[in-house]
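The next block is query38.cif, given as mmCIF, C-alpha atoms and all ligand atoms.
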```cif
data_start
#
loop_
_atom_site.label_atom_id
_atom_site.label_comp_id
_atom_site.auth_asym_id
_atom_site.auth_seq_id
_atom_site.Cartn_x
_atom_site.Cartn_y
_atom_site.Cartn_z
CA MET A 1 -11.74 -8.22 -9.45
CA ASN A 2 -8.92 -5.70 -9.96
CA LEU A 3 -8.56 -3.15 -7.17
CA VAL A 4 -6.47 -0.08 -6.43
CA PHE A 5 -6.05 0.92 -2.77
CA LEU A 6 -5.56 4.64 -2.26
CA GLY A 7 -4.85 6.39 1.01
CA PRO A 8 -2.04 8.19 2.80
CA PRO A 9 0.83 6.43 4.58
CA GLY A 10 -0.61 4.50 7.52
CA ALA A 11 -4.20 4.48 6.22
CA GLY A 12 -4.25 0.67 6.45
CA LYS A 13 -3.86 -0.27 2.76
CA GLY A 14 -1.41 -3.10 3.47
CA THR A 15 -3.43 -4.38 6.44
CA GLN A 16 -6.62 -4.61 4.37
CA ALA A 17 -4.88 -6.03 1.28
CA LYS A 18 -3.51 -8.88 3.41
CA LYS A 19 -7.03 -9.68 4.63
CA LEU A 20 -8.30 -9.95 1.05
CA LEU A 21 -5.31 -12.12 0.18
CA GLU A 22 -6.01 -14.42 3.14
CA GLU A 23 -9.75 -14.76 2.47
CA PHE A 24 -9.95 -14.71 -1.32
CA GLY A 25 -6.39 -15.40 -2.46
CA MET A 26 -6.30 -12.05 -4.30
CA PRO A 27 -2.61 -11.25 -4.83
CA GLN A 28 -1.37 -8.00 -3.28
CA ILE A 29 1.10 -6.04 -5.37
CA SER A 30 2.77 -3.54 -3.06
CA THR A 31 5.38 -1.39 -4.78
CA GLY A 32 6.64 -0.35 -1.33
CA ASP A 33 7.30 -4.01 -0.38
CA ILE A 34 8.93 -4.69 -3.76
CA LEU A 35 11.21 -1.65 -3.38
CA ARG A 36 12.12 -2.50 0.23
CA ASP A 37 13.04 -6.02 -0.92
CA ALA A 38 15.25 -4.52 -3.65
CA VAL A 39 16.93 -2.29 -1.05
CA ARG A 40 17.55 -5.31 1.24
CA ARG A 41 19.06 -7.30 -1.63
CA GLY A 42 21.20 -4.34 -2.75
CA THR A 43 20.08 -4.51 -6.40
CA ASP A 44 20.63 -1.54 -8.77
CA LEU A 45 16.98 -0.59 -8.30
CA GLY A 46 17.39 -0.84 -4.53
CA LYS A 47 20.51 1.34 -4.54
CA LYS A 48 18.70 4.06 -6.51
CA ALA A 49 15.48 3.83 -4.47
CA LYS A 50 17.04 3.72 -0.97
CA PRO A 51 17.92 7.42 -0.46
CA LEU A 52 14.57 8.55 -1.89
CA MET A 53 12.57 6.17 0.29
CA GLU A 54 14.52 7.10 3.39
CA ALA A 55 13.82 10.77 2.67
CA GLY A 56 10.08 10.05 2.26
CA LYS A 57 10.12 11.02 -1.43
CA LEU A 58 8.67 9.08 -4.34
CA VAL A 59 10.82 6.90 -6.57
CA PRO A 60 10.69 8.16 -10.20
CA ASP A 61 7.70 6.99 -12.26
CA ASP A 62 9.76 5.20 -14.93
CA MET A 63 11.42 2.97 -12.31
CA VAL A 64 8.20 2.09 -10.50
CA VAL A 65 5.98 1.55 -13.55
CA GLY A 66 8.41 -1.05 -14.90
CA ILE A 67 8.47 -3.14 -11.71
CA ALA A 68 4.70 -2.86 -11.14
CA MET A 69 3.98 -4.07 -14.68
CA GLU A 70 6.45 -6.94 -14.32
CA HIS A 71 4.58 -8.16 -11.22
CA LEU A 72 1.16 -7.62 -12.84
CA ARG A 73 2.15 -9.83 -15.76
CA GLN A 74 2.71 -12.72 -13.34
CA VAL A 75 -0.81 -12.53 -11.90
CA ASP A 76 -3.45 -15.05 -12.94
CA PRO A 77 -6.26 -12.83 -14.38
CA ALA A 78 -8.88 -15.18 -12.90
CA ARG A 79 -7.76 -14.26 -9.36
CA GLY A 80 -7.69 -10.48 -9.89
CA PHE A 81 -5.25 -8.30 -7.94
CA ILE A 82 -4.92 -5.56 -5.35
CA LEU A 83 -2.56 -2.70 -6.10
CA ASP A 84 -1.29 -1.27 -2.80
CA GLY A 85 0.77 1.92 -3.13
CA PHE A 86 0.58 1.97 -6.92
CA PRO A 87 -0.31 4.07 -8.83
CA ARG A 88 0.87 7.06 -6.84
CA THR A 89 0.97 9.77 -9.49
CA ILE A 90 -1.23 10.61 -12.48
CA PRO A 91 1.43 9.43 -15.00
CA GLN A 92 1.60 6.07 -13.15
CA ALA A 93 -2.20 5.74 -13.33
CA VAL A 94 -2.21 6.56 -17.06
CA ALA A 95 0.55 4.00 -17.71
CA LEU A 96 -1.39 1.39 -15.71
CA ASP A 97 -4.63 2.02 -17.62
CA SER A 98 -2.84 1.74 -20.99
CA ALA A 99 -1.12 -1.51 -20.03
CA LEU A 100 -4.36 -3.06 -18.73
CA LYS A 101 -6.22 -1.96 -21.85
CA ARG A 102 -3.64 -3.69 -24.04
CA SER A 103 -4.28 -6.96 -22.19
CA GLY A 104 -8.08 -6.54 -22.23
CA GLU A 105 -8.31 -5.81 -18.50
CA LYS A 106 -9.34 -2.84 -16.34
CA ILE A 107 -9.53 -1.54 -12.80
CA ASP A 108 -12.90 -2.38 -11.20
CA ALA A 109 -12.70 -0.06 -8.18
CA ALA A 110 -10.32 2.38 -6.51
CA ILE A 111 -10.89 2.21 -2.75
CA SER A 112 -9.68 5.23 -0.83
CA LEU A 113 -9.17 4.94 2.93
CA ARG A 114 -9.61 8.29 4.69
CA VAL A 115 -7.89 8.73 8.04
CA PRO A 116 -7.11 11.99 9.92
CA GLU A 117 -3.47 13.05 10.09
CA GLU A 118 -3.02 12.65 13.86
CA THR A 119 -4.24 9.04 13.63
CA LEU A 120 -1.85 8.35 10.74
CA VAL A 121 1.11 9.67 12.74
CA GLU A 122 0.11 7.54 15.73
CA ARG A 123 -0.27 4.41 13.59
CA LEU A 124 3.05 4.86 11.80
CA SER A 125 5.05 5.62 14.93
CA GLY A 126 3.75 2.36 16.49
CA ARG A 127 4.09 0.17 13.41
CA ARG A 128 6.52 -2.75 13.59
CA SER A 129 7.12 -5.09 10.65
CA CYS A 130 8.60 -8.53 10.24
CA PRO A 131 11.60 -8.33 7.87
CA LYS A 132 11.17 -12.02 6.95
CA ASP A 133 7.48 -12.54 6.10
CA GLY A 134 6.20 -8.93 5.91
CA SER A 135 3.67 -9.29 8.76
CA VAL A 136 2.63 -5.90 10.14
CA TYR A 137 1.87 -5.11 13.80
CA HIS A 138 1.23 -2.07 15.97
CA VAL A 139 2.77 -1.80 19.43
CA SER A 140 -0.59 -1.07 21.09
CA GLN A 141 -3.40 -1.53 18.51
CA ASN A 142 -2.26 -4.88 17.11
CA PRO A 143 0.63 -6.13 19.25
CA PRO A 144 2.40 -9.43 18.62
CA LYS A 145 1.80 -12.17 21.20
CA CYS A 146 5.40 -11.90 22.38
CA GLU A 147 6.79 -8.33 22.49
CA GLY A 148 9.11 -7.54 19.56
CA LEU A 149 8.73 -10.95 17.87
CA CYS A 150 6.72 -12.00 14.81
CA ASP A 151 3.82 -14.34 15.72
CA LYS A 152 4.35 -16.40 12.57
CA CYS A 153 8.13 -16.84 12.31
CA ASP A 154 9.62 -15.52 15.61
CA SER A 155 11.85 -13.00 13.78
CA SER A 156 12.66 -9.73 15.57
CA LEU A 157 10.30 -6.96 14.46
CA LEU A 158 11.72 -3.73 13.05
CA GLN A 159 10.58 -0.11 12.75
CA ARG A 160 10.76 1.17 9.18
CA GLU A 161 13.31 3.97 8.68
CA ASP A 162 10.63 6.09 6.98
CA ASP A 163 8.27 5.75 9.97
CA LYS A 164 10.38 8.17 12.03
CA PRO A 165 8.35 11.36 12.75
CA GLU A 166 10.21 13.79 10.43
CA LYS A 167 9.99 11.32 7.51
CA VAL A 168 6.30 10.74 8.17
CA ARG A 169 5.61 14.48 7.83
CA GLU A 170 7.40 14.53 4.46
CA ARG A 171 5.52 11.42 3.24
CA LEU A 172 2.17 12.99 4.18
CA ALA A 173 3.08 16.18 2.28
CA VAL A 174 4.16 14.13 -0.76
CA TYR A 175 0.87 12.22 -0.62
CA ALA A 176 -1.18 15.43 -0.56
CA ARG A 177 0.79 16.90 -3.47
CA GLN A 178 1.33 13.93 -5.77
CA THR A 179 -1.08 11.11 -4.89
CA ALA A 180 -4.30 12.72 -3.61
CA PRO A 181 -5.16 13.96 -7.16
CA LEU A 182 -5.71 10.29 -8.10
CA GLU A 183 -9.05 10.39 -6.27
CA ALA A 184 -10.36 12.82 -8.90
CA TYR A 185 -8.77 10.71 -11.66
CA TYR A 186 -10.70 7.58 -10.59
CA ASP A 187 -13.83 9.53 -9.67
CA LYS A 188 -14.07 10.78 -13.27
CA GLN A 189 -14.10 7.13 -14.37
CA GLY A 190 -16.85 6.31 -11.83
CA LEU A 191 -14.49 3.97 -9.96
CA LEU A 192 -13.76 5.85 -6.72
CA ARG A 193 -15.13 4.36 -3.48
CA VAL A 194 -14.30 6.35 -0.35
CA ILE A 195 -14.45 4.73 3.07
CA ASN A 196 -13.78 5.88 6.59
CA GLY A 197 -10.48 4.25 7.54
CA VAL A 198 -10.96 4.89 11.28
CA GLY A 199 -12.26 1.94 13.29
CA SER A 200 -11.11 -1.59 13.88
CA PRO A 201 -9.40 -3.37 10.95
CA GLU A 202 -12.32 -5.83 10.98
CA ASP A 203 -14.95 -3.03 10.65
CA ILE A 204 -13.02 -1.49 7.76
CA TYR A 205 -12.66 -4.87 6.10
CA ALA A 206 -16.45 -5.35 6.37
CA GLN A 207 -16.95 -2.01 4.54
CA ILE A 208 -14.54 -3.12 1.81
CA LYS A 209 -16.38 -6.41 1.33
CA LYS A 210 -19.68 -4.51 0.94
CA ILE A 211 -18.07 -2.44 -1.81
CA LEU A 212 -16.79 -5.55 -3.55
CA ALA A 213 -20.23 -7.12 -3.42
CA ARG A 214 -21.68 -4.06 -5.20
CA SER A 215 -18.89 -3.55 -7.78
P1 LIG B 1 4.71 2.16 0.88
O1 LIG B 1 5.33 0.98 1.49
O2 LIG B 1 3.70 1.99 -0.18
O3 LIG B 1 4.17 3.07 2.06
P2 LIG B 1 2.87 3.98 2.22
O4 LIG B 1 1.96 4.17 1.09
O5 LIG B 1 3.45 5.19 2.79
O6 LIG B 1 1.96 3.13 3.07
P3 LIG B 1 2.28 2.43 4.38
O7 LIG B 1 2.86 1.07 4.15
O8 LIG B 1 3.11 3.33 5.29
O9 LIG B 1 0.84 2.37 5.07
P4 LIG B 1 -0.41 1.43 4.85
O10 LIG B 1 -1.55 2.26 4.38
O11 LIG B 1 -0.10 0.18 4.08
O12 LIG B 1 -0.69 1.07 6.38
P5 LIG B 1 -0.55 -0.30 7.17
O13 LIG B 1 -1.63 -1.25 6.77
O14 LIG B 1 0.86 -0.79 7.17
O15 LIG B 1 5.83 3.12 0.22
C1 LIG B 1 7.06 3.39 0.89
C2 LIG B 1 7.95 4.22 0.00
O16 LIG B 1 8.26 3.47 -1.22
C3 LIG B 1 7.35 5.54 -0.53
O17 LIG B 1 7.50 6.59 0.39
C4 LIG B 1 8.16 5.76 -1.83
O18 LIG B 1 9.44 6.25 -1.56
C5 LIG B 1 8.29 4.33 -2.37
N1 LIG B 1 7.21 3.95 -3.28
C6 LIG B 1 6.32 2.92 -3.11
N2 LIG B 1 5.45 2.86 -4.13
C7 LIG B 1 5.78 3.88 -4.97
C8 LIG B 1 5.22 4.35 -6.19
N3 LIG B 1 4.14 3.76 -6.73
N4 LIG B 1 5.80 5.42 -6.79
C9 LIG B 1 6.89 6.01 -6.26
N5 LIG B 1 7.46 5.63 -5.10
C10 LIG B 1 6.91 4.56 -4.45
O19 LIG B 1 -0.92 0.23 8.66
C11 LIG B 1 -0.08 1.14 9.33
C12 LIG B 1 -0.09 0.81 10.85
O20 LIG B 1 -1.40 1.02 11.36
C13 LIG B 1 0.25 -0.66 11.19
O21 LIG B 1 0.97 -0.70 12.39
C14 LIG B 1 -1.12 -1.34 11.36
O22 LIG B 1 -1.07 -2.45 12.24
C15 LIG B 1 -1.95 -0.17 11.91
N6 LIG B 1 -3.35 -0.22 11.48
C16 LIG B 1 -3.82 -0.53 10.23
N7 LIG B 1 -5.17 -0.44 10.22
C17 LIG B 1 -5.54 -0.05 11.47
C18 LIG B 1 -6.79 0.24 12.08
N8 LIG B 1 -7.95 0.12 11.40
N9 LIG B 1 -6.81 0.63 13.37
C19 LIG B 1 -5.66 0.75 14.08
N10 LIG B 1 -4.43 0.47 13.57
C20 LIG B 1 -4.37 0.09 12.27
#
```
Any chance you could give the structure as structure tokens?
Ligand code: AP5
Amino acid sequence: MNLVFLGPPGAGKGTQAKKLLEEFGMPQISTGDILRDAVRRGTDLGKKAKPLMEAGKLVPDDMVVGIAMEHLRQVDPARGFILDGFPRTIPQAVALDSALKRSGEKIDAAISLRVPEETLVERLSGRRSCPKDGSVYHVSQNPPKCEGLCDKCDSSLLQREDDKPEKVRERLAVYARQTAPLEAYYDKQGLLRVINGVGSPEDIYAQIKKILARS
């Protein structure tokens, strides 16, 4: 099954994608993670993306489409995939559909997680991530066993630069302007599935599995 996760920053896309990866081995392709890795390694892509990401703005479509497609080509079609944070604009979605069509594939469902703004701000301000293995925690909702340290590899957890309050406000505005129209794009194709993203991660995961069973 090929899935797109839609939803504003902090909606829980990455959290839910990791659950599907753990249970079903469905690979998660997160353009945010790929870009952050490029920034860490100081590649040309990373150097261009860094100031935009830190300002809460989107990286240009032509840069992102190329890297997303490169990762998609490496996926075993039998396992399907989860796109987390891609597409994020209508041109990205059109490019994705064309590429999938050329390889005889398609998106099976676009799952949109709806969460009110005040909850998003609270989740993002408390998010801490492991720079080594990408594990995601929340200081109060999903704390690590030992404060500030990753449960899996003991690395020190970090707060993302773009999770600072003023950047979060910009990212939410960018989402409303450039990404929210994708709901209508997938709805027209009969693929949109909207779920309430408020509740425990386990309850939300159960809703997602129900959708998968019906799709
Ligand atoms: P990206 O990394 O994709 O960030 P995002 O979409 O803003 O999403 P987040 O990672 O912030 O949130 P999430 O929904 O995954 O939430 P999470 O599960 O972590 O993009 C970053 C930047 O890269 C962009 O701003 C842009 O510059 C660039 N970029 C990336 N893709 C691009 C593209 N396609 N085009 C152009 N530019 C692109 O959860 C958040 C927190 O909440 C965590 O602490 C978690 O533990 C907690 N939490 C999760 N679920 C729950 C729950 N049910 N209850 C309580 N807490 C919860």
Query - Near-A:Leu158 list (7 Å; all atoms listed in the file; drop same-chain fewer than 3 positions) as a VMD selection string - result: chain A and resid 128 to 131
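Proximity of A:Leu52, A:Val174, A:Val198, A:Cys153 to A:Leu113, computed with only C-alpha atoms, is greatest for A:Val198.
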Report task. Measuring atom to atom with only C-alpha atoms and all ligand atoms, identify which of A:Gly134, A:Pro27, A:Gly10, A:Gly148 is nearest to ligand LIG 1 (chain B). Result -> A:Gly10
Report task. Could you check which of A:Leu21, A:Leu172, A:Leu72, A:Ala78 is closest to A:Glu117, using all atoms listed in the file? Result ->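 Looking at the shortest contact to A:Glu117, the residue is A:Leu172.
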Requested in this report: Would you list the residues that come within 7 Å of ligand LIG 1 (chain B)? Count only C-alpha atoms and all ligand atoms and give the answer as a ChimeraX atom specification.
Outcome: /A:7-16,30-33,35,52-53,56-61,64,84-88,123-124,126-128,136-138,141-142,171,197-201,204
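Taking atom CA of A:Ser112 and atom CA of A:Cys150 as the two end points, the separation is 28.5 Å.
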Report task. Go through A:Arg114, A:Arg177, A:Arg169, A:Lys188 one by one, measure the shortest atom-to-atom distance of each to A:Leu6 using all atoms listed in the file, and give the residue with the smallest value. Result ->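 Using all atoms listed in the file, the shortest distance to A:Leu6 belongs to A:Arg114.
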Report task. Figure out the distance between atom CA of A:Pro116 and atom CA of A:Arg193, please, to one decimal in Å. Result ->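 It comes out at 17.4 Å.
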Report summary line: re atom CA of A:Gln74 and atom CA of A:Thr89: distance 22.9 Å
Query raised in the report: Between A:Ile67, A:Ala109, A:Leu3, A:Ile34, which has the minimum distance to A:Leu20 (counting only C-alpha atoms)?
Result: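 Among the listed residues, the smallest separation from A:Leu20 belongs to A:Leu3.
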